[in-house]
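Since the structure comes first, as structure tokens, the remarks are kept for the end.
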Amino acid sequence: MSEKYFNKLNYSMANEDSEMERRIVKKLQSKKVLSVCGSGSRALTLLSPIVEKLDCIDLSEAQLGLAALRVELIKELELDDYLKFWGYSPYSPEDNIEFRKETFKALSFEAKEIIEEIFEVNEWTSLLYKGKWENSFSLFGKAVKFLFGSKAHNLFKCENLDEQQAYLKKGFPWKRWNFVIRVIGNRATFNALLYKGDFIKKNIPMPHFDYYSKAFNTLFANGLARDNFFVQLCMLGKIEYKEGSPIETNSDCFGEMKESLNKLTPGFKQKDIVGYLEEQYGYDYISFSDVPSYFSGELEKNFLQKVKPSLAEDGVVVIRSYLRIPEVDRTGYTDITYKFKDEIEQEKTQMYRVEVLQKS
């Protein structure tokens with residue numbers, strides 16, 4: 001697996017709907033959890049009173065530093081100040097510069113110097129949309145907003161699914177929307193904006209346009225656009241309606257993260273996830289994110305066998321596949337994905353095929 005993509009601040013907010021896995025962890029009553037780090041929000045939101053151990057793993061020191069920052073902010077701030085620091089609604093990422101700077105200076109955590117450099121480059125505006133992933137989809141959203149003009153917010157004014165479906169049938173500018181997906185949602189554009197030559201080698205038969213169209217159509221059918229951070233990012237360039245803010249801003253989730261972080265200290269591991277797990281034991285839940293979609297060769301074929309000894313009895317691996325379903329040996333695992341049908345259907349990006357595999 002190439003490390004060219006996984007070596008800077010790729011994620012700053014949420015490239016996945018971590019509420020899905022939060023619900024799965026709770027349903028399974030998992031106690032010892034390992035998660036790909038990302039921005040930290042996907043891993044930390046897995047915390048609840050039942051979780052006794054959480055390890056976050058990433059190849060990027062900056063990503064681990066951002067997660068460590070989130071830990072300290074959750075411990076030290078109340079929810080409203082947490083929203084203010086990050087620039088979540090009702091606050092703006094461009095505002096509260098002095099508050100953000102003073103709050104940051106008072107904290108102590110690993111990789112603080114790296115994160116401070118990133119803040120200084122951005123003149124202490126929020127980093128919420130500064131990850132390469134978030135910035136790319138923000139550009140996508142700005143293009144949609146420009147093409148839609150005065151109609152850009154109409155979808156988000158719908159207050160129930162019946163109203164939304166009626167608007168999609170009669171008022172939504174489908175030709176302009178499909179044009180944007182066709183131009184921006186393709187391999188060449190994503191390679192240029194985000195992956196820098198490391199774009200996933202797709203093995204699903206569906207064309208890119210059909211893949212993205214299907215995902216958005218599912219989102220439009222299953223939930224309100226105003227409740228979805230990903231739809232807002234893709235169509236407005238940022239989260240403008242607070243109902244759609246990611247799960248880390250939810251008061252119940254925030255309270256459980258704070259309670260958990262007063263009892264445990266997450267482990268931050270700057271390592272390759274498969275290599276690390278070959279030397280570990282006892283995890284009840286391993287969250288791979290979509291990392292296996294980037295695997296190839298022997299690693300792709302055997303990674304599940306390599307990590308199997310690290311799982312506790314009946315331990316679970318969750319894999320998200322983006323454009324590429326890993327061609328991996330699943331021997332010794334039972335597919336229990338069907339048990340989480342509701343959680344998967346309600347996931348707010350619908351860009352991933354989700355597998356929940358239990359050690360058997």
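Every chain in the structure tokens has a letter given in the order shown (A, B, ...), and although residue numbers restart at 1 in each chain, ligands are simply numbered from 1 in the order shown.
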Do you have, as a tab-separated table, the list of residues of range 99-164 of chain A lying at most 10 Å from range 238-248 of chain A, each with its nearest atom pair and that distance in Å to one decimal, counting only C-alpha atoms and ordered by chain then number?
residue	atom	partner	partner_atom	distance
A:Leu128	CA	A:Lys238	CA	9.5
A:Tyr129	CA	A:Lys238	CA	7.8
A:Glu134	CA	A:Lys238	CA	8.9
A:Asn135	CA	A:Lys238	CA	9.5
A:Phe137	CA	A:Lys238	CA	8.8
A:Ser138	CA	A:Lys238	CA	6.2
A:Leu139	CA	A:Lys238	CA	9.5
A:Gly141	CA	A:Lys238	CA	7.4
A:Lys142	CA	A:Lys238	CA	8.6
A:His153	CA	A:Glu240	CA	9.7
A:Phe156	CA	A:Tyr241	CA	8.2
A:Lys157	CA	A:Tyr241	CA	9.9
Problem - Contacts of Gln346 in chain A at 10 Å (only C-alpha atoms; same-chain gap of 2+ positions) as number ranges by chain - result: A: 17, 19-20, 218-219, 222-223, 341-344, 348-350
Exercise for the section: Write out as a PyMOL selection string the residues lying within 12 Å of Ala221 in chain A, counting only C-alpha atoms and excluding same-chain residues fewer than 2 positions away. Expected result: chain A and resi 160-169+214-219+223-225+345-346+348+350
Go through range 17-51 of chain A residue by residue and, counting only C-alpha atoms, keep those with an atom at most 10 Å from range 270-278 of chain A; for each kept residue give the shortest atom pair and its distance in Å to one decimal, ordered by chain and increasing number, as a tab-separated table.
residue	atom	partner	partner_atom	distance
A:Leu34	CA	A:Leu277	CA	9.3
A:Ser35	CA	A:Ile273	CA	9.0
A:Val36	CA	A:Ile273	CA	7.7
A:Cys37	CA	A:Gln270	CA	9.7
Can you write out the residues you just picked, keeping C-alpha atoms, as a tab-separated table (two decimals), in the first residue's frame?
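For reference, again.tsv as written:
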chain	number	residue	atom	x	y	z
A	34	LEU	CA	-9.20	-0.45	17.93
A	35	SER	CA	-10.05	2.06	15.23
A	36	VAL	CA	-8.36	3.74	12.31
A	37	CYS	CA	-7.91	7.28	13.57
Fill in the blank from the handout: Counting only C-alpha atoms, the residue among A:Glu159, A:Val328, A:Gly149, A:Asn10 that lies closest to Pro173 in chain A is A:Gly149
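For the atom pair formed by CA of Met235 in chain A and CA of Ile181 in chain A, the distance is 11.0 Å, given to one decimal.
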Find the residues around Val33 in chain A up to 8 Å (only C-alpha atoms counted), leave out those fewer than 6 positions away in its own chain, and share them as a short mmCIF file (atom, residue, chain, number, x, y, z; two decimals) with C-alpha atoms, in the first residue's frame.
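Resulting contents of around23.cif:
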data_model
loop_
_atom_site.label_atom_id
_atom_site.label_comp_id
_atom_site.auth_asym_id
_atom_site.auth_seq_id
_atom_site.Cartn_x
_atom_site.Cartn_y
_atom_site.Cartn_z
CA VAL A 51 -15.78 0.64 26.43
CA LYS A 53 -9.97 0.38 26.00
CA LEU A 54 -9.67 2.45 22.83
CA ASP A 55 -6.63 2.48 20.56
CA TYR A 283 -9.69 -6.72 20.75
CA ASP A 284 -13.47 -7.11 20.68
CA TYR A 285 -13.92 -4.66 17.82
CA ILE A 286 -11.59 -3.55 15.03
CA SER A 287 -12.69 -0.71 12.77
#
Which polymer residues have any atom within 9 Å of an atom of Trp86 in chain A, counting only C-alpha atoms, with same-chain residues fewer than 2 positions away left out, as a short mmCIF file (atom, residue, chain, number, x, y, z; two decimals) with N, CA and C atoms, in the first residue's frame?
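And here's around39.cif as it stands now:
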data_model
loop_
_atom_site.label_atom_id
_atom_site.label_comp_id
_atom_site.auth_asym_id
_atom_site.auth_seq_id
_atom_site.Cartn_x
_atom_site.Cartn_y
_atom_site.Cartn_z
N ASP A 81 -18.60 25.34 24.02
CA ASP A 81 -17.25 25.82 23.70
C ASP A 81 -16.54 24.88 22.73
N TYR A 82 -16.87 23.60 22.78
CA TYR A 82 -16.32 22.65 21.81
C TYR A 82 -16.80 23.01 20.41
N LEU A 83 -18.08 23.33 20.27
CA LEU A 83 -18.63 23.76 18.98
C LEU A 83 -17.97 25.05 18.52
N LYS A 84 -17.75 25.95 19.45
CA LYS A 84 -17.14 27.24 19.13
C LYS A 84 -15.70 27.05 18.64
N TYR A 88 -18.38 24.63 14.49
CA TYR A 88 -19.64 23.99 14.16
C TYR A 88 -20.79 24.97 14.39
N TYR A 91 -21.79 28.40 15.26
CA TYR A 91 -20.59 29.23 15.11
C TYR A 91 -19.99 29.08 13.71
N SER A 92 -19.07 29.95 13.38
CA SER A 92 -18.42 29.93 12.07
C SER A 92 -16.95 29.56 12.22
N PRO A 93 -16.39 28.78 11.29
CA PRO A 93 -14.98 28.43 11.36
C PRO A 93 -14.04 29.63 11.32
N ARG A 100 -9.99 30.43 20.17
CA ARG A 100 -9.38 29.19 19.68
C ARG A 100 -7.90 29.16 20.03
N THR A 125 -7.89 30.13 12.03
CA THR A 125 -9.28 29.76 11.72
C THR A 125 -9.43 28.27 12.01
N SER A 126 -10.66 27.80 12.09
CA SER A 126 -10.88 26.40 12.42
C SER A 126 -10.31 25.48 11.34
N LEU A 127 -9.89 24.30 11.77
CA LEU A 127 -9.38 23.30 10.83
C LEU A 127 -10.47 22.37 10.31
N LEU A 128 -11.72 22.68 10.63
CA LEU A 128 -12.83 21.78 10.35
C LEU A 128 -12.89 21.34 8.89
#
Can you write out as CSV which residues of range 85-154 of chain A fall within 9 Å of range 67-77 of chain A, alongside each residue's closest atom pair and its distance in Å to one decimal, counting only C-alpha atoms and ordering rows by chain and ascending residue number?
residue,atom,partner,partner_atom,distance
A:Phe85,CA,A:Leu73,CA,8.7
A:Thr103,CA,A:Leu73,CA,8.5
A:Phe104,CA,A:Leu69,CA,8.4
A:Leu107,CA,A:Glu72,CA,6.9
A:Ser108,CA,A:Glu72,CA,7.8
A:Phe109,CA,A:Ala68,CA,6.3
A:Glu110,CA,A:Ala68,CA,6.9
A:Ala111,CA,A:Ala68,CA,8.1
A:Lys112,CA,A:Leu69,CA,7.7
A:Ile115,CA,A:Leu69,CA,8.4
Practice task
For Lys27 in chain A, list every protein, DNA or RNA residue within 12 Å, evaluated using only C-alpha atoms, and leave out those in the same chain fewer than 2 positions away; present the list as JSON, numbers by chain.
Solution key: {"A": [20, 21, 22, 23, 24, 25, 29, 30, 31, 46, 48, 50, 51, 285, 316, 339, 340, 342, 343]}
N, CA and C atoms of the current selection, written as an mmCIF file, in the first residue's frame:
data_model
loop_
_atom_site.group_PDB
_atom_site.id
_atom_site.type_symbol
_atom_site.label_atom_id
_atom_site.label_comp_id
_atom_site.auth_asym_id
_atom_site.auth_seq_id
_atom_site.Cartn_x
_atom_site.Cartn_y
_atom_site.Cartn_z
ATOM 1 N N MET A 20 -22.926 5.324 12.700
ATOM 2 C CA MET A 20 -23.237 3.940 12.359
ATOM 3 C C MET A 20 -22.433 2.980 13.220
ATOM 4 N N GLU A 21 -21.118 3.183 13.285
ATOM 5 C CA GLU A 21 -20.276 2.267 14.060
ATOM 6 C C GLU A 21 -20.457 2.472 15.560
ATOM 7 N N ARG A 22 -20.764 3.669 15.975
ATOM 8 C CA ARG A 22 -21.075 3.894 17.395
ATOM 9 C C ARG A 22 -22.253 3.013 17.812
ATOM 10 N N ARG A 23 -23.250 2.949 16.964
ATOM 11 C CA ARG A 23 -24.427 2.125 17.272
ATOM 12 C C ARG A 23 -24.089 0.636 17.237
ATOM 13 N N ILE A 24 -23.208 0.226 16.315
ATOM 14 C CA ILE A 24 -22.802 -1.172 16.237
ATOM 15 C C ILE A 24 -22.018 -1.575 17.482
ATOM 16 N N VAL A 25 -21.072 -0.732 17.902
ATOM 17 C CA VAL A 25 -20.279 -1.019 19.104
ATOM 18 C C VAL A 25 -21.188 -1.169 20.318
ATOM 19 N N GLN A 29 -21.843 -4.453 22.543
ATOM 20 C CA GLN A 29 -21.286 -4.304 23.895
ATOM 21 C C GLN A 29 -19.776 -4.553 23.906
ATOM 22 N N SER A 30 -19.094 -4.033 22.888
ATOM 23 C CA SER A 30 -17.644 -4.216 22.761
ATOM 24 C C SER A 30 -16.907 -3.410 23.831
ATOM 25 N N LYS A 31 -15.907 -4.045 24.443
ATOM 26 C CA LYS A 31 -15.169 -3.394 25.524
ATOM 27 C C LYS A 31 -13.784 -2.922 25.099
ATOM 28 N N LEU A 46 -16.792 6.291 19.298
ATOM 29 C CA LEU A 46 -17.089 4.910 19.662
ATOM 30 C C LEU A 46 -17.113 4.725 21.174
ATOM 31 N N SER A 48 -18.183 4.865 24.995
ATOM 32 C CA SER A 48 -19.394 4.867 25.814
ATOM 33 C C SER A 48 -18.997 4.203 27.127
ATOM 34 N N ILE A 50 -19.463 1.413 28.367
ATOM 35 C CA ILE A 50 -19.090 -0.002 28.292
ATOM 36 C C ILE A 50 -17.661 -0.197 27.782
ATOM 37 N N VAL A 51 -17.118 0.783 27.025
ATOM 38 C CA VAL A 51 -15.782 0.641 26.426
ATOM 39 C C VAL A 51 -14.705 0.851 27.486
ATOM 40 N N TYR A 285 -13.390 -5.403 18.966
ATOM 41 C CA TYR A 285 -13.920 -4.663 17.816
ATOM 42 C C TYR A 285 -12.771 -3.955 17.122
ATOM 43 N N VAL A 316 -15.062 -8.801 16.425
ATOM 44 C CA VAL A 316 -15.662 -8.337 15.175
ATOM 45 C C VAL A 316 -14.715 -7.391 14.435
ATOM 46 N N LYS A 339 -27.245 -8.275 10.652
ATOM 47 C CA LYS A 339 -27.749 -7.892 11.973
ATOM 48 C C LYS A 339 -27.778 -6.375 12.161
ATOM 49 N N PHE A 340 -27.104 -5.671 11.275
ATOM 50 C CA PHE A 340 -26.980 -4.214 11.421
ATOM 51 C C PHE A 340 -27.542 -3.493 10.198
ATOM 52 N N ASP A 342 -30.327 -1.835 9.719
ATOM 53 C CA ASP A 342 -30.849 -0.488 9.962
ATOM 54 C C ASP A 342 -29.719 0.526 10.108
ATOM 55 N N GLU A 343 -28.683 0.168 10.854
ATOM 56 C CA GLU A 343 -27.555 1.082 11.054
ATOM 57 C C GLU A 343 -26.878 1.424 9.729
#
Handout entry: Members of range 111-350 of chain A assigned strand (DSSP E or B) by DSSP, as a ChimeraX atom specification
Key = /A:267-269,283-287,311-321,333-335
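Residues surrounding Gly38 in chain A within 8 Å are Asn10, Tyr11, Ser12, Ala14, Ala43, Asp58, Gln63, Leu64 and Ala67 of chain A [only C-alpha atoms; sequence separation below 5 positions excluded].
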Got time to write the residues from that selection, N, CA and C atoms, as a PDB file, in the first residue's frame?
ATOM      1  N   ASN A  10      -5.150  14.525   6.031  1.00  0.00           N
ATOM      2  CA  ASN A  10      -6.122  14.151   5.015  1.00  0.00           C
ATOM      3  C   ASN A  10      -7.548  14.375   5.471  1.00  0.00           C
ATOM      4  N   TYR A  11      -7.782  14.233   6.783  1.00  0.00           N
ATOM      5  CA  TYR A  11      -9.134  14.339   7.332  1.00  0.00           C
ATOM      6  C   TYR A  11      -9.134  15.282   8.532  1.00  0.00           C
ATOM      7  N   SER A  12     -10.128  16.144   8.594  1.00  0.00           N
ATOM      8  CA  SER A  12     -10.202  17.095   9.704  1.00  0.00           C
ATOM      9  C   SER A  12     -11.560  17.068  10.404  1.00  0.00           C
ATOM     10  N   ALA A  14     -15.138  14.644   9.282  1.00  0.00           N
ATOM     11  CA  ALA A  14     -15.751  13.319   9.228  1.00  0.00           C
ATOM     12  C   ALA A  14     -15.959  12.895   7.790  1.00  0.00           C
ATOM     13  N   ALA A  43     -13.088   7.669  15.699  1.00  0.00           N
ATOM     14  CA  ALA A  43     -12.654   6.755  16.751  1.00  0.00           C
ATOM     15  C   ALA A  43     -13.233   7.135  18.108  1.00  0.00           C
ATOM     16  N   ASP A  58      -2.913   5.129  13.002  1.00  0.00           N
ATOM     17  CA  ASP A  58      -2.826   5.876  11.753  1.00  0.00           C
ATOM     18  C   ASP A  58      -1.369   5.965  11.338  1.00  0.00           C
ATOM     19  N   GLN A  63      -2.577  13.262  11.869  1.00  0.00           N
ATOM     20  CA  GLN A  63      -3.916  12.767  12.176  1.00  0.00           C
ATOM     21  C   GLN A  63      -4.024  12.357  13.645  1.00  0.00           C
ATOM     22  N   LEU A  64      -3.005  11.689  14.146  1.00  0.00           N
ATOM     23  CA  LEU A  64      -3.007  11.288  15.557  1.00  0.00           C
ATOM     24  C   LEU A  64      -2.962  12.516  16.460  1.00  0.00           C
ATOM     25  N   ALA A  67      -6.397  13.976  16.670  1.00  0.00           N
ATOM     26  CA  ALA A  67      -7.225  13.184  17.580  1.00  0.00           C
ATOM     27  C   ALA A  67      -6.870  13.492  19.034  1.00  0.00           C
TER      28      ALA A  67
END
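Interatomic distance, CA of Val183 in chain A to CA of Ser150 in chain A: 21.4 Å.
Here CA of Ile336 in chain A is placed at a distance of 25.2 Å from CA of Glu298 in chain A.
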Exercise for the section: Please run DSSP on the backbone and report, as a ChimeraX atom specification, all residues within range 163-348 of chain A that come out as helix (DSSP H, G or I). Expected result: /A:163-170,174-184,187-195,208-222,225-227,229-236,242-244,247-249,251-261,273-277,291-294,297-310,337-345
Would you put the residues from that selection into a file with C-alpha atoms, as a JSON list (two decimals), in the first residue's frame?
[["chain", "number", "residue", "atom", "x", "y", "z"],
["A", 163, "GLU", "CA", -42.00, 17.33, 1.18],
["A", 164, "GLN", "CA", -38.46, 16.45, 0.13],
["A", 165, "GLN", "CA", -39.60, 13.78, -2.33],
["A", 166, "ALA", "CA", -42.14, 16.16, -3.84],
["A", 167, "TYR", "CA", -39.43, 18.78, -4.37],
["A", 168, "LEU", "CA", -37.04, 16.22, -5.87],
["A", 169, "LYS", "CA", -39.70, 15.20, -8.39],
["A", 170, "LYS", "CA", -40.84, 18.65, -9.44],
["A", 174, "TRP", "CA", -31.44, 17.31, -11.90],
["A", 175, "LYS", "CA", -29.63, 18.22, -15.13],
["A", 176, "ARG", "CA", -27.26, 20.56, -13.31],
["A", 177, "TRP", "CA", -26.79, 18.06, -10.46],
["A", 178, "ASN", "CA", -25.96, 15.21, -12.85],
["A", 179, "PHE", "CA", -23.57, 17.49, -14.71],
["A", 180, "VAL", "CA", -21.65, 18.18, -11.50],
["A", 181, "ILE", "CA", -21.48, 14.50, -10.58],
["A", 182, "ARG", "CA", -20.27, 13.60, -14.07],
["A", 183, "VAL", "CA", -17.59, 16.30, -14.15],
["A", 184, "ILE", "CA", -16.38, 16.20, -10.55],
["A", 187, "ARG", "CA", -11.37, 9.25, -11.23],
["A", 188, "ALA", "CA", -9.39, 12.04, -12.88],
["A", 189, "THR", "CA", -10.89, 14.83, -10.77],
["A", 190, "PHE", "CA", -10.58, 12.97, -7.45],
["A", 191, "ASN", "CA", -7.03, 11.99, -8.34],
["A", 192, "ALA", "CA", -6.14, 15.62, -8.99],
["A", 193, "LEU", "CA", -7.93, 17.06, -5.95],
["A", 194, "LEU", "CA", -7.39, 14.41, -3.33],
["A", 195, "TYR", "CA", -5.45, 11.24, -4.06],
["A", 208, "HIS", "CA", -18.31, 6.09, -11.29],
["A", 209, "PHE", "CA", -21.30, 8.22, -12.26],
["A", 210, "ASP", "CA", -23.77, 5.44, -11.44],
["A", 211, "TYR", "CA", -21.98, 4.70, -8.17],
["A", 212, "TYR", "CA", -22.26, 8.28, -6.89],
["A", 213, "SER", "CA", -25.77, 8.79, -8.28],
["A", 214, "LYS", "CA", -27.01, 5.67, -6.50],
["A", 215, "ALA", "CA", -25.44, 6.80, -3.22],
["A", 216, "PHE", "CA", -27.05, 10.24, -3.34],
["A", 217, "ASN", "CA", -30.42, 8.87, -4.44],
["A", 218, "THR", "CA", -30.36, 6.56, -1.42],
["A", 219, "LEU", "CA", -29.52, 9.48, 0.86],
["A", 220, "PHE", "CA", -32.32, 11.61, -0.59],
["A", 221, "ALA", "CA", -34.80, 8.74, -0.11],
["A", 222, "ASN", "CA", -33.80, 7.74, 3.43],
["A", 225, "ALA", "CA", -30.85, 16.69, 3.48],
["A", 226, "ARG", "CA", -30.76, 19.24, 6.31],
["A", 227, "ASP", "CA", -30.00, 16.39, 8.76],
["A", 229, "PHE", "CA", -23.49, 16.69, 7.10],
["A", 230, "PHE", "CA", -22.27, 14.98, 3.92],
["A", 231, "VAL", "CA", -25.11, 16.21, 1.72],
["A", 232, "GLN", "CA", -24.61, 19.73, 3.08],
["A", 233, "LEU", "CA", -20.88, 19.56, 2.40],
["A", 234, "CYS", "CA", -21.47, 18.32, -1.16],
["A", 235, "MET", "CA", -24.18, 20.83, -2.02],
["A", 236, "LEU", "CA", -23.36, 23.90, 0.09],
["A", 242, "LYS", "CA", -26.91, 22.46, 12.65],
["A", 243, "GLU", "CA", -29.26, 19.45, 12.42],
["A", 244, "GLY", "CA", -26.69, 17.88, 10.10],
["A", 247, "ILE", "CA", -22.37, 12.83, 15.88],
["A", 248, "GLU", "CA", -19.45, 14.27, 17.89],
["A", 249, "THR", "CA", -21.58, 17.42, 18.35],
["A", 251, "SER", "CA", -24.97, 16.21, 23.51],
["A", 252, "ASP", "CA", -25.45, 12.56, 24.51],
["A", 253, "CYS", "CA", -22.43, 11.42, 22.50],
["A", 254, "PHE", "CA", -20.30, 14.30, 23.79],
["A", 255, "GLY", "CA", -21.29, 13.51, 27.37],
["A", 256, "GLU", "CA", -20.36, 9.84, 26.97],
["A", 257, "MET", "CA", -17.02, 10.73, 25.38],
["A", 258, "LYS", "CA", -16.24, 13.11, 28.25],
["A", 259, "GLU", "CA", -17.25, 10.53, 30.87],
["A", 260, "SER", "CA", -15.13, 7.84, 29.19],
["A", 261, "LEU", "CA", -12.07, 10.08, 28.79],
["A", 273, "ILE", "CA", -2.76, -1.38, 11.14],
["A", 274, "VAL", "CA", -2.12, -4.94, 9.93],
["A", 275, "GLY", "CA", 1.47, -5.04, 11.16],
["A", 276, "TYR", "CA", 0.41, -3.67, 14.53],
["A", 277, "LEU", "CA", -2.43, -6.15, 14.96],
["A", 291, "VAL", "CA", -8.21, 1.23, 4.43],
["A", 292, "PRO", "CA", -8.47, -2.29, 2.89],
["A", 293, "SER", "CA", -9.75, -0.73, -0.34],
["A", 294, "TYR", "CA", -6.17, 0.50, -0.84],
["A", 297, "GLY", "CA", -1.41, -8.30, -3.68],
["A", 298, "GLU", "CA", -0.60, -10.58, -0.75],
["A", 299, "LEU", "CA", -1.69, -8.01, 1.82],
["A", 300, "GLU", "CA", -5.13, -7.67, 0.26],
["A", 301, "LYS", "CA", -5.56, -11.45, 0.09],
["A", 302, "ASN", "CA", -4.44, -12.27, 3.62],
["A", 303, "PHE", "CA", -4.98, -9.28, 5.92],
["A", 304, "LEU", "CA", -8.00, -10.84, 7.66],
["A", 305, "GLN", "CA", -6.00, -13.99, 8.40],
["A", 306, "LYS", "CA", -3.10, -11.91, 9.69],
["A", 307, "VAL", "CA", -5.26, -10.00, 12.18],
["A", 308, "LYS", "CA", -7.44, -12.91, 13.30],
["A", 309, "PRO", "CA", -5.24, -13.79, 16.32],
["A", 310, "SER", "CA", -5.63, -10.22, 17.62],
["A", 337, "THR", "CA", -23.68, -7.72, 8.46],
["A", 338, "TYR", "CA", -27.38, -8.51, 8.23],
["A", 339, "LYS", "CA", -27.75, -7.89, 11.97],
["A", 340, "PHE", "CA", -26.98, -4.21, 11.42],
["A", 341, "LYS", "CA", -29.19, -3.56, 8.41],
["A", 342, "ASP", "CA", -30.85, -0.49, 9.96],
["A", 343, "GLU", "CA", -27.55, 1.08, 11.05],
["A", 344, "ILE", "CA", -26.03, 0.62, 7.60],
["A", 345, "GLU", "CA", -29.09, 1.92, 5.73]]
